[in-house]
file protein_34.cif (mmCIF, C-alpha atoms)
data_coords
#
loop_
_atom_site.group_PDB
_atom_site.id
_atom_site.type_symbol
_atom_site.label_atom_id
_atom_site.label_comp_id
_atom_site.auth_asym_id
_atom_site.auth_seq_id
_atom_site.Cartn_x
_atom_site.Cartn_y
_atom_site.Cartn_z
ATOM 1 C CA MET A 1 0.000 0.000 0.000
ATOM 2 C CA GLU A 2 1.284 3.432 -0.914
ATOM 3 C CA LEU A 3 1.507 6.192 1.695
ATOM 4 C CA GLN A 4 -1.246 8.239 0.024
ATOM 5 C CA GLU A 5 -3.630 5.292 0.239
ATOM 6 C CA ALA A 6 -2.715 4.588 3.877
ATOM 7 C CA VAL A 7 -3.334 8.216 4.828
ATOM 8 C CA LEU A 8 -6.671 8.304 3.010
ATOM 9 C CA LYS A 9 -7.857 4.992 4.526
ATOM 10 C CA ARG A 10 -6.794 5.796 8.097
ATOM 11 C CA ARG A 11 -9.786 6.080 10.415
ATOM 12 C CA SER A 12 -10.453 6.549 14.109
ATOM 13 C CA ILE A 13 -11.952 3.177 14.912
ATOM 14 C CA ARG A 14 -14.786 3.195 17.441
ATOM 15 C CA ARG A 15 -15.918 -0.443 17.135
ATOM 16 C CA PHE A 16 -13.755 -3.500 17.423
ATOM 17 C CA THR A 17 -14.192 -7.134 16.463
ATOM 18 C CA GLU A 18 -13.799 -9.979 18.929
ATOM 19 C CA ASP A 19 -10.351 -10.688 17.451
ATOM 20 C CA VAL A 20 -7.462 -10.382 19.878
ATOM 21 C CA VAL A 21 -4.387 -8.417 18.858
ATOM 22 C CA ILE A 22 -1.497 -10.843 19.144
ATOM 23 C CA ASP A 23 1.997 -10.011 20.375
ATOM 24 C CA GLN A 24 3.559 -10.664 16.956
ATOM 25 C CA GLU A 25 1.326 -8.005 15.384
ATOM 26 C CA LEU A 26 2.281 -5.517 18.092
ATOM 27 C CA GLN A 27 5.974 -6.314 17.642
ATOM 28 C CA GLN A 28 5.701 -5.563 13.905
ATOM 29 C CA ILE A 29 3.941 -2.278 14.606
ATOM 30 C CA PHE A 30 6.488 -1.216 17.232
ATOM 31 C CA GLU A 31 9.401 -2.168 14.953
ATOM 32 C CA THR A 32 8.005 0.202 12.326
ATOM 33 C CA VAL A 33 7.397 2.938 14.903
ATOM 34 C CA ARG A 34 10.993 2.593 16.074
ATOM 35 C CA TRP A 35 12.060 4.100 12.746
ATOM 36 C CA SER A 36 10.010 7.264 13.291
ATOM 37 C CA PRO A 37 12.082 10.449 13.358
ATOM 38 C CA SER A 38 12.666 12.175 16.675
ATOM 39 C CA TRP A 39 14.697 15.117 17.965
ATOM 40 C CA GLY A 40 18.345 14.045 17.859
ATOM 41 C CA ASN A 41 17.113 10.448 17.346
ATOM 42 C CA THR A 42 16.291 10.395 21.053
ATOM 43 C CA GLN A 43 13.229 8.136 20.586
ATOM 44 C CA VAL A 44 11.661 9.326 23.821
ATOM 45 C CA TRP A 45 8.489 7.308 23.376
ATOM 46 C CA GLU A 46 7.438 4.420 25.545
ATOM 47 C CA PHE A 47 4.469 2.243 24.639
ATOM 48 C CA ILE A 48 2.648 0.268 27.293
ATOM 49 C CA VAL A 49 0.295 -2.457 26.092
ATOM 50 C CA VAL A 50 -2.591 -2.927 28.514
ATOM 51 C CA ARG A 51 -4.644 -6.123 28.239
ATOM 52 C CA ASP A 52 -5.924 -6.504 31.790
ATOM 53 C CA ARG A 53 -9.625 -5.509 31.862
ATOM 54 C CA GLU A 54 -9.354 -3.794 35.244
ATOM 55 C CA LEU A 55 -6.368 -1.730 34.114
ATOM 56 C CA ILE A 56 -8.172 -0.820 30.888
ATOM 57 C CA GLN A 57 -11.052 0.443 33.032
ATOM 58 C CA GLN A 58 -8.633 2.524 35.101
ATOM 59 C CA VAL A 59 -6.987 3.970 31.999
ATOM 60 C CA THR A 60 -10.336 4.993 30.512
ATOM 61 C CA GLU A 61 -11.178 6.798 33.744
ATOM 62 C CA THR A 62 -8.223 9.118 33.101
ATOM 63 C CA TYR A 63 -9.934 10.567 30.053
ATOM 64 C CA GLN A 64 -13.250 11.252 31.719
ATOM 65 C CA MET A 65 -12.833 15.007 32.013
ATOM 66 C CA ASP A 66 -16.291 15.664 30.600
ATOM 67 C CA LYS A 67 -18.559 13.347 32.632
ATOM 68 C CA GLY A 68 -18.303 10.292 30.405
ATOM 69 C CA THR A 69 -19.013 11.860 27.032
ATOM 70 C CA ASN A 70 -15.597 11.094 25.568
ATOM 71 C CA PRO A 71 -16.344 8.823 22.563
ATOM 72 C CA ALA A 72 -13.094 6.947 23.129
ATOM 73 C CA THR A 73 -14.366 5.509 26.416
ATOM 74 C CA LYS A 74 -16.833 2.984 25.032
ATOM 75 C CA CYS A 75 -14.535 1.663 22.338
ATOM 76 C CA SER A 76 -11.542 1.532 24.696
ATOM 77 C CA LEU A 77 -13.509 -0.624 27.103
ATOM 78 C CA THR A 78 -14.202 -3.161 24.338
ATOM 79 C CA ALA A 79 -10.652 -3.249 22.943
ATOM 80 C CA SER A 80 -8.577 -6.390 23.424
ATOM 81 C CA ALA A 81 -5.608 -4.144 24.187
ATOM 82 C CA LEU A 82 -4.871 -0.475 24.719
ATOM 83 C CA ILE A 83 -1.589 1.117 23.744
ATOM 84 C CA VAL A 84 -0.680 3.833 26.221
ATOM 85 C CA VAL A 85 1.768 6.318 24.696
ATOM 86 C CA CYS A 86 4.213 7.882 27.151
ATOM 87 C CA ALA A 87 7.344 10.029 26.872
ATOM 88 C CA LYS A 88 10.632 10.379 28.676
ATOM 89 C CA THR A 89 10.938 14.066 29.501
ATOM 90 C CA GLY A 90 14.159 16.028 29.765
ATOM 91 C CA VAL A 91 15.647 14.199 26.762
ATOM 92 C CA SER A 92 14.176 15.527 23.513
ATOM 93 C CA GLY A 93 15.481 19.051 22.969
ATOM 94 C CA CYS A 94 18.029 18.560 25.736
ATOM 95 C CA TYR A 95 21.696 17.736 26.124
ATOM 96 C CA GLY A 96 22.786 16.255 29.421
ATOM 97 C CA GLY A 97 19.293 16.778 30.826
ATOM 98 C CA LYS A 98 19.425 20.525 30.146
ATOM 99 C CA GLU A 99 17.268 22.255 27.562
ATOM 100 C CA SER A 100 19.285 23.219 24.518
ATOM 101 C CA THR A 101 16.539 25.074 22.664
ATOM 102 C CA LYS A 102 14.078 27.732 23.737
ATOM 103 C CA TYR A 103 11.252 25.161 23.644
ATOM 104 C CA SER A 104 10.929 22.375 26.175
ATOM 105 C CA ASN A 105 8.160 20.354 24.567
ATOM 106 C CA TRP A 106 9.941 18.649 21.667
ATOM 107 C CA PHE A 107 8.854 15.302 23.101
ATOM 108 C CA MET A 108 5.275 16.150 22.090
ATOM 109 C CA PHE A 109 6.347 16.397 18.439
ATOM 110 C CA ASP A 110 8.241 13.113 18.745
ATOM 111 C CA LEU A 111 5.189 11.387 20.259
ATOM 112 C CA GLY A 112 2.943 12.830 17.565
ATOM 113 C CA ILE A 113 5.134 11.482 14.782
ATOM 114 C CA ALA A 114 5.473 8.074 16.450
ATOM 115 C CA THR A 115 1.734 7.846 17.092
ATOM 116 C CA GLN A 116 0.942 8.782 13.490
ATOM 117 C CA THR A 117 3.367 6.075 12.321
ATOM 118 C CA LEU A 118 1.590 3.602 14.593
ATOM 119 C CA CYS A 119 -1.790 4.556 13.126
ATOM 120 C CA LEU A 120 -0.574 4.370 9.534
ATOM 121 C CA LYS A 121 1.157 1.004 10.089
ATOM 122 C CA ARG A 122 -2.203 -0.448 11.010
ATOM 123 C CA PHE A 123 -3.448 0.274 7.480
ATOM 124 C CA ALA A 124 -0.276 -0.367 5.487
#

call {"tool": "encode", "arguments": {"input": "protein_34.cif", "output": "structure tokens"}}
result
Amino acid sequence: MELQEAVLKRRSIRRFTEDVVIDQELQQIFETVRWSPSWGNTQVWEFIVVRDRELIQQVTETYQMDKGTNPATKCSLTASALIVVCAKTGVSGCYGGKESTKYSNWFMFDLGIATQTLCLKRFA
């Protein structure tokens, strides 16, 4: 699949099948994401795969800022796995733990690129 087609077919999925995402599929996705560009090739992202139903419930509670109207809640609760995207701070845009640019949020750009790669890999 060409990049243009992957971008055009990418969707925010709100309903899942009963199929379970297997570890091999996740490994392939994360191997692709590993090649995403990042500031100084720092690769500050960390991905946590959550399969435990109770932990999935707890994760979904963290995005309940608007009294349960977040559309991601229902679909997250039915997912066989959630991928929690995290970042190491004080690395991207920094040398020796000290900021080397006037902006301190380069990790957000790195996470955005990695997350987009993750989403596109699903359709490629």

call {"tool": "residues_around", "arguments": {"input": "protein_34.cif", "residues": "Lys88 in chain A", "least_positions_apart": "5", "cutoff": "10 Å", "atoms": "only C-alpha atoms", "output": "list in words"}}
result
Thr42, Gln43, Val44, Trp45, Glu46 and Phe107 of chain A

call {"tool": "resolve_selection", "arguments": {"input": "protein_34.cif", "expression": "the PyMOL selection byres ((chain A and resi 74) around 12)", "output": "VMD selection string"}}
result
chain A and resid 13 to 16 56 to 57 60 to 61 63 to 64 68 to 73 75 to 79

call {"tool": "residues_around", "arguments": {"input": "protein_34.cif", "residues": "Asp110 in chain A", "least_positions_apart": "2", "cutoff": "12 Å", "atoms": "only C-alpha atoms", "output": "count of residues only"}}
result
32

call {"tool": "atom_distance", "arguments": {"input": "protein_34.cif", "atom1": "CA of Ser80 in chain A", "atom2": "CA of Lys9 in chain A"}}
result
22.1 Å

call {"tool": "atom_distance", "arguments": {"input": "protein_34.cif", "atom1": "CA of Ala6 in chain A", "atom2": "CA of Cys119 in chain A"}}
result
9.3 Å

call {"tool": "atom_distance", "arguments": {"input": "protein_34.cif", "atom1": "CA of Lys98 in chain A", "atom2": "CA of Phe47 in chain A"}}
result
24.3 Å

call {"tool": "resolve_selection", "arguments": {"input": "protein_34.cif", "expression": "the PyMOL selection byres ((chain A and resi 26) around 12)", "output": "JSON, numbers by chain"}}
result
{"A": [20, 21, 22, 23, 24, 25, 27, 28, 29, 30, 31, 32, 33, 47, 48, 49, 50, 81, 82, 83, 118, 119, 121, 122]}

call {"tool": "build_atoms", "arguments": {"input": "protein_34.cif", "residues": "range 14-39 of chain A", "atoms": "N, CA and C atoms", "output": "PDB file, in the frame of the given file"}}
result
ATOM      1  N   ARG A  14     -13.977   3.111  16.226  1.00  0.00           N
ATOM      2  CA  ARG A  14     -14.786   3.195  17.441  1.00  0.00           C
ATOM      3  C   ARG A  14     -15.469   1.860  17.776  1.00  0.00           C
ATOM      4  N   ARG A  15     -15.361   0.895  16.873  1.00  0.00           N
ATOM      5  CA  ARG A  15     -15.918  -0.443  17.135  1.00  0.00           C
ATOM      6  C   ARG A  15     -14.871  -1.478  16.774  1.00  0.00           C
ATOM      7  N   PHE A  16     -14.750  -2.465  17.635  1.00  0.00           N
ATOM      8  CA  PHE A  16     -13.755  -3.500  17.423  1.00  0.00           C
ATOM      9  C   PHE A  16     -14.420  -4.853  17.263  1.00  0.00           C
ATOM     10  N   THR A  17     -13.726  -5.758  16.585  1.00  0.00           N
ATOM     11  CA  THR A  17     -14.192  -7.134  16.463  1.00  0.00           C
ATOM     12  C   THR A  17     -13.806  -7.885  17.734  1.00  0.00           C
ATOM     13  N   GLU A  18     -14.177  -9.131  17.794  1.00  0.00           N
ATOM     14  CA  GLU A  18     -13.799  -9.979  18.929  1.00  0.00           C
ATOM     15  C   GLU A  18     -12.357 -10.472  18.813  1.00  0.00           C
ATOM     16  N   ASP A  19     -11.719 -10.220  17.674  1.00  0.00           N
ATOM     17  CA  ASP A  19     -10.351 -10.688  17.451  1.00  0.00           C
ATOM     18  C   ASP A  19      -9.398 -10.050  18.459  1.00  0.00           C
ATOM     19  N   VAL A  20      -8.459 -10.849  18.918  1.00  0.00           N
ATOM     20  CA  VAL A  20      -7.462 -10.382  19.878  1.00  0.00           C
ATOM     21  C   VAL A  20      -6.206  -9.983  19.111  1.00  0.00           C
ATOM     22  N   VAL A  21      -5.654  -8.845  19.448  1.00  0.00           N
ATOM     23  CA  VAL A  21      -4.387  -8.417  18.858  1.00  0.00           C
ATOM     24  C   VAL A  21      -3.289  -9.274  19.476  1.00  0.00           C
ATOM     25  N   ILE A  22      -2.532  -9.952  18.624  1.00  0.00           N
ATOM     26  CA  ILE A  22      -1.497 -10.843  19.144  1.00  0.00           C
ATOM     27  C   ILE A  22      -0.169 -10.108  19.271  1.00  0.00           C
ATOM     28  N   ASP A  23       0.709 -10.650  20.104  1.00  0.00           N
ATOM     29  CA  ASP A  23       1.997 -10.011  20.375  1.00  0.00           C
ATOM     30  C   ASP A  23       2.824  -9.826  19.112  1.00  0.00           C
ATOM     31  N   GLN A  24       2.781 -10.772  18.192  1.00  0.00           N
ATOM     32  CA  GLN A  24       3.559 -10.664  16.956  1.00  0.00           C
ATOM     33  C   GLN A  24       3.120  -9.444  16.141  1.00  0.00           C
ATOM     34  N   GLU A  25       1.825  -9.186  16.091  1.00  0.00           N
ATOM     35  CA  GLU A  25       1.326  -8.005  15.384  1.00  0.00           C
ATOM     36  C   GLU A  25       1.832  -6.726  16.048  1.00  0.00           C
ATOM     37  N   LEU A  26       1.791  -6.688  17.364  1.00  0.00           N
ATOM     38  CA  LEU A  26       2.281  -5.517  18.092  1.00  0.00           C
ATOM     39  C   LEU A  26       3.775  -5.325  17.878  1.00  0.00           C
ATOM     40  N   GLN A  27       4.536  -6.416  17.867  1.00  0.00           N
ATOM     41  CA  GLN A  27       5.974  -6.314  17.642  1.00  0.00           C
ATOM     42  C   GLN A  27       6.277  -5.715  16.273  1.00  0.00           C
ATOM     43  N   GLN A  28       5.507  -6.114  15.253  1.00  0.00           N
ATOM     44  CA  GLN A  28       5.701  -5.563  13.905  1.00  0.00           C
ATOM     45  C   GLN A  28       5.387  -4.064  13.887  1.00  0.00           C
ATOM     46  N   ILE A  29       4.314  -3.693  14.547  1.00  0.00           N
ATOM     47  CA  ILE A  29       3.941  -2.278  14.606  1.00  0.00           C
ATOM     48  C   ILE A  29       5.034  -1.475  15.312  1.00  0.00           C
ATOM     49  N   PHE A  30       5.486  -1.951  16.468  1.00  0.00           N
ATOM     50  CA  PHE A  30       6.488  -1.216  17.232  1.00  0.00           C
ATOM     51  C   PHE A  30       7.840  -1.170  16.512  1.00  0.00           C
ATOM     52  N   GLU A  31       8.158  -2.202  15.733  1.00  0.00           N
ATOM     53  CA  GLU A  31       9.401  -2.168  14.953  1.00  0.00           C
ATOM     54  C   GLU A  31       9.329  -1.059  13.913  1.00  0.00           C
ATOM     55  N   THR A  32       8.180  -0.884  13.291  1.00  0.00           N
ATOM     56  CA  THR A  32       8.005   0.202  12.326  1.00  0.00           C
ATOM     57  C   THR A  32       8.076   1.555  13.027  1.00  0.00           C
ATOM     58  N   VAL A  33       7.411   1.673  14.157  1.00  0.00           N
ATOM     59  CA  VAL A  33       7.397   2.938  14.903  1.00  0.00           C
ATOM     60  C   VAL A  33       8.806   3.320  15.343  1.00  0.00           C
ATOM     61  N   ARG A  34       9.617   2.341  15.630  1.00  0.00           N
ATOM     62  CA  ARG A  34      10.993   2.593  16.074  1.00  0.00           C
ATOM     63  C   ARG A  34      11.772   3.423  15.058  1.00  0.00           C
ATOM     64  N   TRP A  35      11.382   3.361  13.812  1.00  0.00           N
ATOM     65  CA  TRP A  35      12.060   4.100  12.746  1.00  0.00           C
ATOM     66  C   TRP A  35      11.512   5.514  12.567  1.00  0.00           C
ATOM     67  N   SER A  36      10.555   5.905  13.373  1.00  0.00           N
ATOM     68  CA  SER A  36      10.010   7.264  13.291  1.00  0.00           C
ATOM     69  C   SER A  36      11.099   8.274  13.653  1.00  0.00           C
ATOM     70  N   PRO A  37      11.096   9.424  13.000  1.00  0.00           N
ATOM     71  CA  PRO A  37      12.082  10.449  13.358  1.00  0.00           C
ATOM     72  C   PRO A  37      11.780  11.048  14.728  1.00  0.00           C
ATOM     73  N   SER A  38      12.820  11.487  15.390  1.00  0.00           N
ATOM     74  CA  SER A  38      12.666  12.175  16.675  1.00  0.00           C
ATOM     75  C   SER A  38      13.823  13.149  16.831  1.00  0.00           C
ATOM     76  N   TRP A  39      13.672  14.099  17.744  1.00  0.00           N
ATOM     77  CA  TRP A  39      14.697  15.117  17.965  1.00  0.00           C
ATOM     78  C   TRP A  39      16.002  14.435  18.354  1.00  0.00           C
TER      79      TRP A  39
END
